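What follows is a short report on a single structure.
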Amino acid sequence: MLTYALEHRGTDSLYEYLYKCIRNDMETGTIAAHEKLPSKRSLARHLGVSLITVEGAYTQLAAEGYVYAIERKGYFANPLVKNAATPSSRAARQQKAHAQAEESASSPLVADFTGSSVATGLFPYSTWAKTVREALAEESERTLLCETSAAGSLRLRRALANHLSGFRGMQVAPDQIVVGSGAQTLYNLIVQLLGRTMHYAVEDPGYARLTQIYRANNVALSHVPMDEGGIEVEKLRRCGADVLHIMPSHQYPTGLVTAISRRYELLGWASEKNGRFVIEDDYDCEFRLAGRPIPALQTIDASERVIYTNTFTKSLGPAFRIGYMVLPEHLATRFEQELGFYSCTVSAIDQLALARFIENGDYERHVNRMRTHYRSVRNDLIAAFKATSLADRMSIEAEDSGLHFILGIKSAASEQEIARAAQARGVALAPLSSFYQDAENLPNLPPGTTLPRKFVVSYTGIARESIESAAQAIAQAADG
């Protein structure tokens with residue numbers, strides 16, 4: 001039976017990664033010419049994926065001529081044209097394709113604080129499965145199979161509007177909400193909606209993928225530095241941006257919460273010129289661990305300049321490629337007129353199941369359990385750091401704001417040196433300096449200084465039994 005490490009798919013969808021793995025095995029000769037592929041159901045069951053995922057991979061392979069189908073017998077590998085260089089070059093490609101998985105298997109991490117891993121054992125699979133079954137059993141065939149509007153299922157948009165009203169204090173109409181397959185899809189839609197002639201700006205330090213997304217759209221992009229109150233408004237003005245993308249409730253990676261005075265400054269900046277907008281990225285608002293949630297910037301926007309975005313990645317997991325944005329009414333109208341020809345990128349079944357999950361209160365209960373779990377993990381992790389040799393030369397910042405905090409360590413070693421030493425001890429640690437996109441925005445620390453070296457500690461994927469050893473490994477790395 002074909003077996004692949006699907007957790008190493010990176011940004012690929014499941015079906016795309018499966019298709020690439022099978023294609024690679026055909027090109028390297030692991031799957032011989034005319035060899036029968038496993039049935040779709042048996043492969044789906046073996047890999048623990050949906051039948052639709054396997055169907056998508058097989059369909060793509062058939063479309064490209066890698067496989068052929070025989071009725072009632074299945075799919076078979078097409079013979080590929082050979083050449084003199086094929087055996088060695090294909091073997092090399094196969095070795096390279098599996099190198100990362102082999103390296104990971106031979107050198108497992110004690111802990112990954114970079115945010116690349118997720119917690120296991122927390123998702124309510126039985127409740128979600130029940131919700132999906134109910135959606136399939138109770139919804140009409142027309143509802144399940146017919147194409148939804150570009151904005152997504154009306155039922156889900158109504159559920160999201162009610163959720164935002166109760167949890168974020170946002171009073172929005174379902175017609176203002178657009179559902180998409182994750183934040184990346186939504187950001188691309190925003191660029192198309194606002195235009196590629198606009199000048200965009202992001203926070204620095206910031207989320208590197210945002211820079212990649214905007215650059216891939218060939219738009220003018222500026223990286224604006226931050227101070228203790230948030231993004232620096234005067235430097236924002238000087239860069240000439242029209243659209244600002246920020247995370248005001250919990251900035252990544254600094255953990256800063258944009259001060260209320262700065263929020264009004266930013267809304268003032270947006271109102272100074274027609275056509276300016278602020279994209280509010282509220283990526284982990286459910287997980288503020290102390291006090292009330294920080295109010296959304298959208299709730300104080302009187303001029304309809306804020307585009308609110310959020311996803312279910314932090315609450316349900318990265319496999320749930322579902323996100324949404326809330327557009328000002330005039331942009332919602334423009335979206336329908338100019339981009340309404342699109343099909344929604346989230347399946348109707350997933351949308352209806354999520355709508356029920358929210359309506360039944362299952363989503364809120366799940367988030368409450370997750371918040372309690374993460375608060376406990378955070379507390380144990382900070383206590384573990386304080387029990388090491390770092391106790392009298394460390395600092396913790398923004399520990400209540402969300403699912404990561406900033407660890408400061410006074411050390412003569414650089415952030416990169418400490419991170420490399422931690423990696424050698426099985427702990428992945430991200431220096432705060434690595435998140436700067438513009439070198440001019442980096443803080444100037446002279447060599448040999450003992451000022452704190454700062455690291456972004458994302459603890460969502462760490463196992464409790466690894467906390468103490470991970471903290472000791474970081475302390476040893478800092479000690480040199």
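Simple scheme: letters A, B, ... for chains in structure tokens order, numbers from 1 for residues in each chain, numbers from 1 for ligands in the order shown.
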
**Prompt:** Where does DSSP see strand (DSSP E) in stretch 289-337 of chain A, if you list the residues as a PyMOL selection string?
**Reply:** chain A and resi 306-311+323-326

Taking N, CA and C atoms for each residue, export the selection above as a PDB file, in the first residue's frame.
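File selection29.pdb, as written:
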ATOM      1  N   VAL A 306     -12.281  49.957   7.521  1.00  0.00           N
ATOM      2  CA  VAL A 306     -11.643  48.757   8.055  1.00  0.00           C
ATOM      3  C   VAL A 306     -12.213  47.504   7.397  1.00  0.00           C
ATOM      4  N   ILE A 307     -11.305  46.663   6.904  1.00  0.00           N
ATOM      5  CA  ILE A 307     -11.655  45.329   6.395  1.00  0.00           C
ATOM      6  C   ILE A 307     -11.187  44.324   7.448  1.00  0.00           C
ATOM      7  N   TYR A 308     -12.129  43.641   8.065  1.00  0.00           N
ATOM      8  CA  TYR A 308     -11.811  42.710   9.155  1.00  0.00           C
ATOM      9  C   TYR A 308     -11.606  41.306   8.593  1.00  0.00           C
ATOM     10  N   THR A 309     -10.531  40.620   9.016  1.00  0.00           N
ATOM     11  CA  THR A 309     -10.279  39.249   8.566  1.00  0.00           C
ATOM     12  C   THR A 309      -9.992  38.344   9.761  1.00  0.00           C
ATOM     13  N   ASN A 310     -10.388  37.085   9.624  1.00  0.00           N
ATOM     14  CA  ASN A 310     -10.110  36.092  10.662  1.00  0.00           C
ATOM     15  C   ASN A 310     -10.206  34.711  10.026  1.00  0.00           C
ATOM     16  N   THR A 311      -9.630  33.721  10.698  1.00  0.00           N
ATOM     17  CA  THR A 311      -9.689  32.339  10.220  1.00  0.00           C
ATOM     18  C   THR A 311      -9.944  31.416  11.411  1.00  0.00           C
ATOM     19  N   GLY A 323     -11.652  30.682   6.291  1.00  0.00           N
ATOM     20  CA  GLY A 323     -11.498  32.007   6.858  1.00  0.00           C
ATOM     21  C   GLY A 323     -12.635  32.885   6.370  1.00  0.00           C
ATOM     22  N   TYR A 324     -12.666  34.112   6.853  1.00  0.00           N
ATOM     23  CA  TYR A 324     -13.722  35.021   6.410  1.00  0.00           C
ATOM     24  C   TYR A 324     -13.244  36.458   6.578  1.00  0.00           C
ATOM     25  N   MET A 325     -13.863  37.339   5.829  1.00  0.00           N
ATOM     26  CA  MET A 325     -13.588  38.765   5.994  1.00  0.00           C
ATOM     27  C   MET A 325     -14.911  39.508   6.054  1.00  0.00           C
ATOM     28  N   VAL A 326     -14.887  40.626   6.759  1.00  0.00           N
ATOM     29  CA  VAL A 326     -16.054  41.487   6.877  1.00  0.00           C
ATOM     30  C   VAL A 326     -15.727  42.786   6.150  1.00  0.00           C
TER      31      VAL A 326
END

Test item, helix (DSSP H, G or I) assignment across stretch 161-376 of chain A, answer as a CSV table (one decimal) with N, CA, C and O atoms, in the first residue's frame:
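Wrote it out as selection31.csv, contents follow:
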chain,number,residue,atom,x,y,z
A,161,ALA,N,-22.0,36.2,11.6
A,161,ALA,CA,-22.5,37.5,12.1
A,161,ALA,C,-22.9,37.4,13.5
A,161,ALA,O,-22.6,38.3,14.3
A,162,ASN,N,-23.7,36.4,13.9
A,162,ASN,CA,-24.1,36.2,15.3
A,162,ASN,C,-22.9,36.0,16.2
A,162,ASN,O,-22.9,36.6,17.3
A,163,HIS,N,-22.0,35.2,15.8
A,163,HIS,CA,-20.8,34.9,16.6
A,163,HIS,C,-20.0,36.2,16.8
A,163,HIS,O,-19.6,36.5,17.9
A,164,LEU,N,-19.8,37.0,15.8
A,164,LEU,CA,-19.0,38.3,15.9
A,164,LEU,C,-19.8,39.3,16.8
A,164,LEU,O,-19.1,40.0,17.5
A,165,SER,N,-21.1,39.3,16.7
A,165,SER,CA,-21.8,40.1,17.6
A,165,SER,C,-21.6,39.8,19.1
A,165,SER,O,-21.4,40.7,19.9
A,166,GLY,N,-21.7,38.5,19.4
A,166,GLY,CA,-21.6,38.1,20.8
A,166,GLY,C,-20.2,38.1,21.3
A,166,GLY,O,-20.0,38.4,22.5
A,167,PHE,N,-19.2,37.7,20.5
A,167,PHE,CA,-17.8,37.6,20.9
A,167,PHE,C,-17.0,38.8,20.7
A,167,PHE,O,-16.1,39.2,21.5
A,168,ARG,N,-17.2,39.5,19.6
A,168,ARG,CA,-16.3,40.7,19.3
A,168,ARG,C,-17.1,42.0,19.3
A,168,ARG,O,-16.5,43.1,19.0
A,174,PRO,N,-24.9,39.7,7.3
A,174,PRO,CA,-24.3,38.6,6.6
A,174,PRO,C,-23.8,38.9,5.2
A,174,PRO,O,-22.9,38.3,4.8
A,175,ASP,N,-24.5,39.9,4.6
A,175,ASP,CA,-24.1,40.3,3.2
A,175,ASP,C,-22.7,41.0,3.2
A,175,ASP,O,-22.1,41.1,2.2
A,176,GLN,N,-22.2,41.4,4.4
A,176,GLN,CA,-20.9,42.0,4.5
A,176,GLN,C,-19.7,40.9,4.6
A,176,GLN,O,-18.6,41.3,4.5
A,183,ALA,N,-6.8,32.5,5.1
A,183,ALA,CA,-6.4,33.9,5.0
A,183,ALA,C,-5.7,34.2,3.7
A,183,ALA,O,-5.9,35.3,3.1
A,184,GLN,N,-4.9,33.3,3.1
A,184,GLN,CA,-4.1,33.6,1.9
A,184,GLN,C,-5.1,33.9,0.7
A,184,GLN,O,-4.9,34.8,-0.1
A,185,THR,N,-6.2,33.1,0.7
A,185,THR,CA,-7.2,33.3,-0.4
A,185,THR,C,-7.8,34.7,-0.2
A,185,THR,O,-8.0,35.4,-1.2
A,186,LEU,N,-8.2,35.0,1.0
A,186,LEU,CA,-8.8,36.3,1.3
A,186,LEU,C,-8.0,37.5,1.0
A,186,LEU,O,-8.4,38.5,0.4
A,187,TYR,N,-6.7,37.4,1.3
A,187,TYR,CA,-5.8,38.5,1.0
A,187,TYR,C,-5.7,38.7,-0.5
A,187,TYR,O,-5.6,39.9,-1.0
A,188,ASN,N,-5.6,37.6,-1.3
A,188,ASN,CA,-5.6,37.8,-2.7
A,188,ASN,C,-6.8,38.4,-3.2
A,188,ASN,O,-6.8,39.2,-4.2
A,189,LEU,N,-8.0,38.1,-2.7
A,189,LEU,CA,-9.2,38.7,-3.1
A,189,LEU,C,-9.2,40.2,-2.7
A,189,LEU,O,-9.7,41.0,-3.5
A,190,ILE,N,-8.7,40.5,-1.6
A,190,ILE,CA,-8.6,41.9,-1.2
A,190,ILE,C,-7.8,42.7,-2.2
A,190,ILE,O,-8.2,43.9,-2.6
A,191,VAL,N,-6.7,42.2,-2.6
A,191,VAL,CA,-5.8,42.9,-3.6
A,191,VAL,C,-6.6,43.1,-4.9
A,191,VAL,O,-6.6,44.2,-5.5
A,192,GLN,N,-7.3,42.1,-5.3
A,192,GLN,CA,-8.1,42.2,-6.5
A,192,GLN,C,-9.2,43.2,-6.3
A,192,GLN,O,-9.5,44.0,-7.3
A,193,LEU,N,-9.8,43.3,-5.2
A,193,LEU,CA,-10.9,44.2,-4.9
A,193,LEU,C,-10.4,45.6,-4.8
A,193,LEU,O,-11.1,46.5,-5.4
A,194,LEU,N,-9.4,45.9,-4.1
A,194,LEU,CA,-8.9,47.2,-3.9
A,194,LEU,C,-8.0,47.7,-5.1
A,194,LEU,O,-8.0,48.9,-5.4
A,208,ALA,N,6.1,37.0,7.8
A,208,ALA,CA,6.8,36.9,6.5
A,208,ALA,C,5.9,36.6,5.4
A,208,ALA,O,6.1,37.1,4.3
A,209,ARG,N,4.9,35.7,5.6
A,209,ARG,CA,4.1,35.3,4.5
A,209,ARG,C,3.3,36.4,3.9
A,209,ARG,O,2.9,36.4,2.7
A,210,LEU,N,2.9,37.4,4.8
A,210,LEU,CA,2.2,38.5,4.2
A,210,LEU,C,3.0,39.3,3.2
A,210,LEU,O,2.5,39.6,2.1
A,211,THR,N,4.3,39.4,3.5
A,211,THR,CA,5.2,40.1,2.5
A,211,THR,C,5.2,39.2,1.2
A,211,THR,O,5.1,39.8,0.1
A,212,GLN,N,5.3,37.9,1.3
A,212,GLN,CA,5.3,37.1,0.1
A,212,GLN,C,4.1,37.2,-0.7
A,212,GLN,O,4.1,37.2,-1.9
A,213,ILE,N,2.9,37.2,0.0
A,213,ILE,CA,1.6,37.3,-0.7
A,213,ILE,C,1.5,38.6,-1.5
A,213,ILE,O,1.1,38.6,-2.6
A,214,TYR,N,1.9,39.7,-0.8
A,214,TYR,CA,1.7,41.0,-1.5
A,214,TYR,C,2.7,41.2,-2.6
A,214,TYR,O,2.4,41.7,-3.7
A,215,ARG,N,3.9,40.6,-2.4
A,215,ARG,CA,4.9,40.7,-3.5
A,215,ARG,C,4.5,39.8,-4.7
A,215,ARG,O,4.7,40.1,-5.8
A,216,ALA,N,3.9,38.7,-4.4
A,216,ALA,CA,3.4,37.8,-5.5
A,216,ALA,C,2.3,38.5,-6.3
A,216,ALA,O,2.1,38.1,-7.4
A,233,VAL,N,2.7,56.0,13.0
A,233,VAL,CA,1.8,56.6,12.0
A,233,VAL,C,2.6,57.6,11.1
A,233,VAL,O,2.3,57.6,9.9
A,234,GLU,N,3.5,58.4,11.7
A,234,GLU,CA,4.2,59.3,10.8
A,234,GLU,C,5.0,58.6,9.7
A,234,GLU,O,5.1,59.1,8.6
A,235,LYS,N,5.6,57.5,10.1
A,235,LYS,CA,6.4,56.8,9.1
A,235,LYS,C,5.5,56.1,8.1
A,235,LYS,O,5.8,55.9,6.9
A,236,LEU,N,4.3,55.8,8.5
A,236,LEU,CA,3.3,55.2,7.6
A,236,LEU,C,2.9,56.3,6.6
A,236,LEU,O,2.8,56.0,5.4
A,237,ARG,N,2.7,57.5,7.1
A,237,ARG,CA,2.3,58.6,6.2
A,237,ARG,C,3.5,58.9,5.1
A,237,ARG,O,3.2,59.0,4.0
A,238,ARG,N,4.7,58.8,5.6
A,238,ARG,CA,5.8,59.1,4.8
A,238,ARG,C,6.0,58.1,3.7
A,238,ARG,O,6.6,58.4,2.6
A,239,CYS,N,5.7,56.9,3.9
A,239,CYS,CA,5.9,55.8,2.9
A,239,CYS,C,4.9,55.9,1.8
A,239,CYS,O,5.1,55.2,0.7
A,260,ILE,N,-5.3,52.3,22.3
A,260,ILE,CA,-6.5,52.9,21.7
A,260,ILE,C,-6.2,54.2,21.1
A,260,ILE,O,-6.8,54.5,20.0
A,261,SER,N,-5.3,55.0,21.6
A,261,SER,CA,-5.0,56.3,21.0
A,261,SER,C,-4.4,56.1,19.6
A,261,SER,O,-4.7,56.8,18.7
A,262,ARG,N,-3.5,55.0,19.5
A,262,ARG,CA,-2.9,54.8,18.2
A,262,ARG,C,-4.0,54.2,17.2
A,262,ARG,O,-3.9,54.5,16.0
A,263,ARG,N,-4.9,53.5,17.7
A,263,ARG,CA,-6.0,53.0,16.8
A,263,ARG,C,-6.8,54.2,16.2
A,263,ARG,O,-7.1,54.2,15.0
A,264,TYR,N,-7.1,55.2,17.0
A,264,TYR,CA,-7.8,56.3,16.4
A,264,TYR,C,-6.9,57.1,15.5
A,264,TYR,O,-7.4,57.7,14.5
A,265,GLU,N,-5.6,57.1,15.8
A,265,GLU,CA,-4.7,57.8,14.8
A,265,GLU,C,-4.7,57.1,13.5
A,265,GLU,O,-4.7,57.7,12.4
A,266,LEU,N,-4.7,55.8,13.5
A,266,LEU,CA,-4.7,55.0,12.3
A,266,LEU,C,-6.0,55.2,11.5
A,266,LEU,O,-6.0,55.3,10.3
A,267,LEU,N,-7.1,55.2,12.2
A,267,LEU,CA,-8.4,55.5,11.5
A,267,LEU,C,-8.4,56.9,11.0
A,267,LEU,O,-9.0,57.2,9.9
A,268,GLY,N,-7.8,57.8,11.7
A,268,GLY,CA,-7.6,59.2,11.2
A,268,GLY,C,-6.8,59.2,9.9
A,268,GLY,O,-7.1,59.9,8.9
A,269,TRP,N,-5.7,58.5,9.9
A,269,TRP,CA,-4.9,58.4,8.7
A,269,TRP,C,-5.7,57.8,7.5
A,269,TRP,O,-5.6,58.4,6.4
A,270,ALA,N,-6.5,56.8,7.8
A,270,ALA,CA,-7.3,56.2,6.7
A,270,ALA,C,-8.3,57.2,6.2
A,270,ALA,O,-8.7,57.2,5.0
A,271,SER,N,-8.8,58.1,7.0
A,271,SER,CA,-9.8,59.0,6.6
A,271,SER,C,-9.3,60.3,5.9
A,271,SER,O,-10.0,61.1,5.4
A,285,CYS,N,-7.8,36.1,18.1
A,285,CYS,CA,-8.5,36.9,19.1
A,285,CYS,C,-9.2,36.0,20.2
A,285,CYS,O,-9.5,36.5,21.3
A,286,GLU,N,-9.5,34.8,19.9
A,286,GLU,CA,-10.2,33.9,20.8
A,286,GLU,C,-9.4,33.5,22.0
A,286,GLU,O,-9.9,33.0,23.0
A,287,PHE,N,-8.0,33.8,21.9
A,287,PHE,CA,-7.1,33.2,22.9
A,287,PHE,C,-6.4,34.2,23.7
A,287,PHE,O,-5.3,34.0,24.1
A,297,LEU,N,-10.8,46.6,16.0
A,297,LEU,CA,-10.7,48.0,15.5
A,297,LEU,C,-11.9,48.3,14.7
A,297,LEU,O,-12.4,49.5,14.6
A,298,GLN,N,-12.5,47.3,14.0
A,298,GLN,CA,-13.7,47.5,13.2
A,298,GLN,C,-14.9,48.2,14.0
A,298,GLN,O,-15.7,48.9,13.4
A,299,THR,N,-14.9,47.9,15.3
A,299,THR,CA,-16.1,48.4,16.1
A,299,THR,C,-16.0,49.9,16.3
A,299,THR,O,-17.0,50.5,16.7
A,300,ILE,N,-14.9,50.6,16.1
A,300,ILE,CA,-14.8,52.0,16.3
A,300,ILE,C,-14.5,52.7,15.0
A,300,ILE,O,-14.2,53.9,14.9
A,313,THR,N,-7.9,28.8,11.8
A,313,THR,CA,-6.7,28.0,11.9
A,313,THR,C,-6.2,27.8,13.3
A,313,THR,O,-5.8,26.7,13.7
A,314,LYS,N,-6.3,28.9,14.2
A,314,LYS,CA,-5.8,28.7,15.5
A,314,LYS,C,-6.8,28.0,16.4
A,314,LYS,O,-6.4,27.3,17.3
A,315,SER,N,-8.1,28.1,16.1
A,315,SER,CA,-9.1,27.4,17.0
A,315,SER,C,-9.4,26.0,16.6
A,315,SER,O,-9.5,25.1,17.4
A,316,LEU,N,-9.5,25.7,15.3
A,316,LEU,CA,-9.8,24.4,14.8
A,316,LEU,C,-8.6,23.6,14.2
A,316,LEU,O,-8.6,22.4,14.1
A,329,GLU,N,-19.9,48.1,3.9
A,329,GLU,CA,-21.0,47.9,3.0
A,329,GLU,C,-20.7,48.3,1.6
A,329,GLU,O,-21.1,47.5,0.7
A,330,HIS,N,-20.0,49.4,1.4
A,330,HIS,CA,-19.8,49.8,0.0
A,330,HIS,C,-18.8,48.8,-0.7
A,330,HIS,O,-18.9,48.6,-1.9
A,331,LEU,N,-17.8,48.3,0.1
A,331,LEU,CA,-16.9,47.3,-0.6
A,331,LEU,C,-17.6,46.0,-0.8
A,331,LEU,O,-17.3,45.2,-1.7
A,332,ALA,N,-18.6,45.6,0.1
A,332,ALA,CA,-19.4,44.4,-0.1
A,332,ALA,C,-20.2,44.5,-1.4
A,332,ALA,O,-20.3,43.5,-2.2
A,333,THR,N,-20.7,45.6,-1.7
A,333,THR,CA,-21.4,45.8,-2.9
A,333,THR,C,-20.5,45.7,-4.1
A,333,THR,O,-20.8,45.1,-5.1
A,334,ARG,N,-19.3,46.3,-4.0
A,334,ARG,CA,-18.3,46.3,-5.1
A,334,ARG,C,-17.9,44.8,-5.3
A,334,ARG,O,-17.7,44.4,-6.4
A,335,PHE,N,-17.7,44.1,-4.2
A,335,PHE,CA,-17.2,42.7,-4.3
A,335,PHE,C,-18.3,41.9,-5.1
A,335,PHE,O,-17.9,41.1,-6.0
A,336,GLU,N,-19.5,42.1,-4.8
A,336,GLU,CA,-20.6,41.3,-5.5
A,336,GLU,C,-20.6,41.7,-7.0
A,336,GLU,O,-20.8,40.9,-7.9
A,337,GLN,N,-20.4,43.0,-7.3
A,337,GLN,CA,-20.4,43.5,-8.7
A,337,GLN,C,-19.2,43.1,-9.5
A,337,GLN,O,-19.3,42.7,-10.7
A,338,GLU,N,-18.0,43.1,-8.9
A,338,GLU,CA,-16.8,42.9,-9.6
A,338,GLU,C,-16.2,41.5,-9.5
A,338,GLU,O,-15.5,41.0,-10.4
A,339,LEU,N,-16.4,40.9,-8.3
A,339,LEU,CA,-15.8,39.5,-8.1
A,339,LEU,C,-16.9,38.5,-7.8
A,339,LEU,O,-16.5,37.3,-7.5
A,348,ALA,N,-19.5,23.3,0.2
A,348,ALA,CA,-20.8,23.6,0.8
A,348,ALA,C,-20.9,22.7,2.1
A,348,ALA,O,-21.5,23.2,3.1
A,349,ILE,N,-20.5,21.5,2.0
A,349,ILE,CA,-20.6,20.6,3.2
A,349,ILE,C,-19.8,21.2,4.4
A,349,ILE,O,-20.3,21.2,5.5
A,350,ASP,N,-18.6,21.6,4.1
A,350,ASP,CA,-17.7,22.2,5.2
A,350,ASP,C,-18.4,23.4,5.8
A,350,ASP,O,-18.4,23.6,7.0
A,351,GLN,N,-18.9,24.2,4.9
A,351,GLN,CA,-19.6,25.5,5.4
A,351,GLN,C,-20.8,25.2,6.2
A,351,GLN,O,-21.0,25.8,7.3
A,352,LEU,N,-21.6,24.2,5.8
A,352,LEU,CA,-22.8,23.9,6.5
A,352,LEU,C,-22.5,23.3,7.9
A,352,LEU,O,-23.2,23.5,8.9
A,353,ALA,N,-21.5,22.4,7.9
A,353,ALA,CA,-21.1,21.7,9.1
A,353,ALA,C,-20.6,22.8,10.1
A,353,ALA,O,-20.9,22.7,11.3
A,354,LEU,N,-19.7,23.7,9.6
A,354,LEU,CA,-19.2,24.7,10.5
A,354,LEU,C,-20.3,25.6,11.0
A,354,LEU,O,-20.3,26.0,12.2
A,355,ALA,N,-21.3,26.0,10.2
A,355,ALA,CA,-22.4,26.8,10.6
A,355,ALA,C,-23.2,26.1,11.8
A,355,ALA,O,-23.5,26.7,12.8
A,356,ARG,N,-23.4,24.8,11.7
A,356,ARG,CA,-24.1,24.0,12.7
A,356,ARG,C,-23.2,24.0,14.0
A,356,ARG,O,-23.7,24.1,15.1
A,357,PHE,N,-21.9,23.8,13.8
A,357,PHE,CA,-20.9,23.7,14.9
A,357,PHE,C,-21.0,25.0,15.7
A,357,PHE,O,-20.9,25.0,16.9
A,358,ILE,N,-21.1,26.1,15.0
A,358,ILE,CA,-21.2,27.4,15.7
A,358,ILE,C,-22.6,27.6,16.4
A,358,ILE,O,-22.7,28.0,17.5
A,359,GLU,N,-23.7,27.3,15.6
A,359,GLU,CA,-25.0,27.5,16.1
A,359,GLU,C,-25.3,26.6,17.3
A,359,GLU,O,-26.0,27.1,18.2
A,362,ASP,N,-21.1,24.3,20.0
A,362,ASP,CA,-20.0,23.4,20.1
A,362,ASP,C,-18.7,24.2,19.9
A,362,ASP,O,-17.6,23.9,20.5
A,363,TYR,N,-18.7,25.2,19.0
A,363,TYR,CA,-17.5,25.9,18.7
A,363,TYR,C,-17.0,26.7,20.0
A,363,TYR,O,-15.8,26.7,20.3
A,364,GLU,N,-18.0,27.4,20.6
A,364,GLU,CA,-17.6,28.2,21.8
A,364,GLU,C,-17.1,27.3,22.9
A,364,GLU,O,-16.1,27.6,23.6
A,365,ARG,N,-17.7,26.1,23.1
A,365,ARG,CA,-17.2,25.2,24.1
A,365,ARG,C,-15.8,24.7,23.8
A,365,ARG,O,-15.0,24.6,24.7
A,366,HIS,N,-15.6,24.4,22.5
A,366,HIS,CA,-14.3,24.0,22.1
A,366,HIS,C,-13.2,25.0,22.4
A,366,HIS,O,-12.1,24.8,22.9
A,367,VAL,N,-13.5,26.3,22.0
A,367,VAL,CA,-12.6,27.4,22.2
A,367,VAL,C,-12.3,27.6,23.7
A,367,VAL,O,-11.2,27.8,24.1
A,368,ASN,N,-13.3,27.5,24.5
A,368,ASN,CA,-13.1,27.6,26.0
A,368,ASN,C,-12.2,26.5,26.5
A,368,ASN,O,-11.3,26.8,27.4
A,369,ARG,N,-12.4,25.3,26.1
A,369,ARG,CA,-11.5,24.2,26.5
A,369,ARG,C,-10.0,24.5,26.0
A,369,ARG,O,-9.1,24.3,26.8
A,370,MET,N,-9.9,24.9,24.8
A,370,MET,CA,-8.6,25.2,24.2
A,370,MET,C,-7.9,26.3,25.0
A,370,MET,O,-6.7,26.3,25.3
A,371,ARG,N,-8.7,27.4,25.4
A,371,ARG,CA,-8.1,28.5,26.1
A,371,ARG,C,-7.6,28.0,27.5
A,371,ARG,O,-6.5,28.4,27.9
A,372,THR,N,-8.4,27.2,28.1
A,372,THR,CA,-8.0,26.7,29.4
A,372,THR,C,-6.7,25.9,29.3
A,372,THR,O,-5.8,26.0,30.1
A,373,HIS,N,-6.7,25.0,28.3
A,373,HIS,CA,-5.5,24.2,28.0
A,373,HIS,C,-4.2,25.1,27.8
A,373,HIS,O,-3.2,24.9,28.4
A,374,TYR,N,-4.4,26.0,26.9
A,374,TYR,CA,-3.2,26.9,26.6
A,374,TYR,C,-2.7,27.7,27.7
A,374,TYR,O,-1.5,28.0,27.9
A,375,ARG,N,-3.7,28.2,28.5
A,375,ARG,CA,-3.3,29.0,29.7
A,375,ARG,C,-2.5,28.1,30.7
A,375,ARG,O,-1.5,28.6,31.2
A,376,SER,N,-2.9,26.9,30.8
A,376,SER,CA,-2.1,26.0,31.7
A,376,SER,C,-0.7,25.7,31.1
A,376,SER,O,0.3,25.7,31.9

**Asked** Counting only C-alpha atoms, which of A:Ala77, A:Val110, A:Ala473, A:Leu327 gets nearest to A:Glu27?
**Response**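 Nearest to A:Glu27: A:Ala77.
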
**Item:** Shortest interatomic distance to A:Leu6 - which of A:Ala319, A:Ser469, A:Glu64, A:His223, counting only C-alpha atoms
**Value:**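 Checking each of A:Ala319, A:Ser469, A:Glu64, A:His223 against A:Leu6, counting only C-alpha atoms, the winner is A:Ala319.
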
**Complete:** Pairwise distance, atom CA of A:Ser50 with atom CA of A:Phe123, equals 17.4 Å
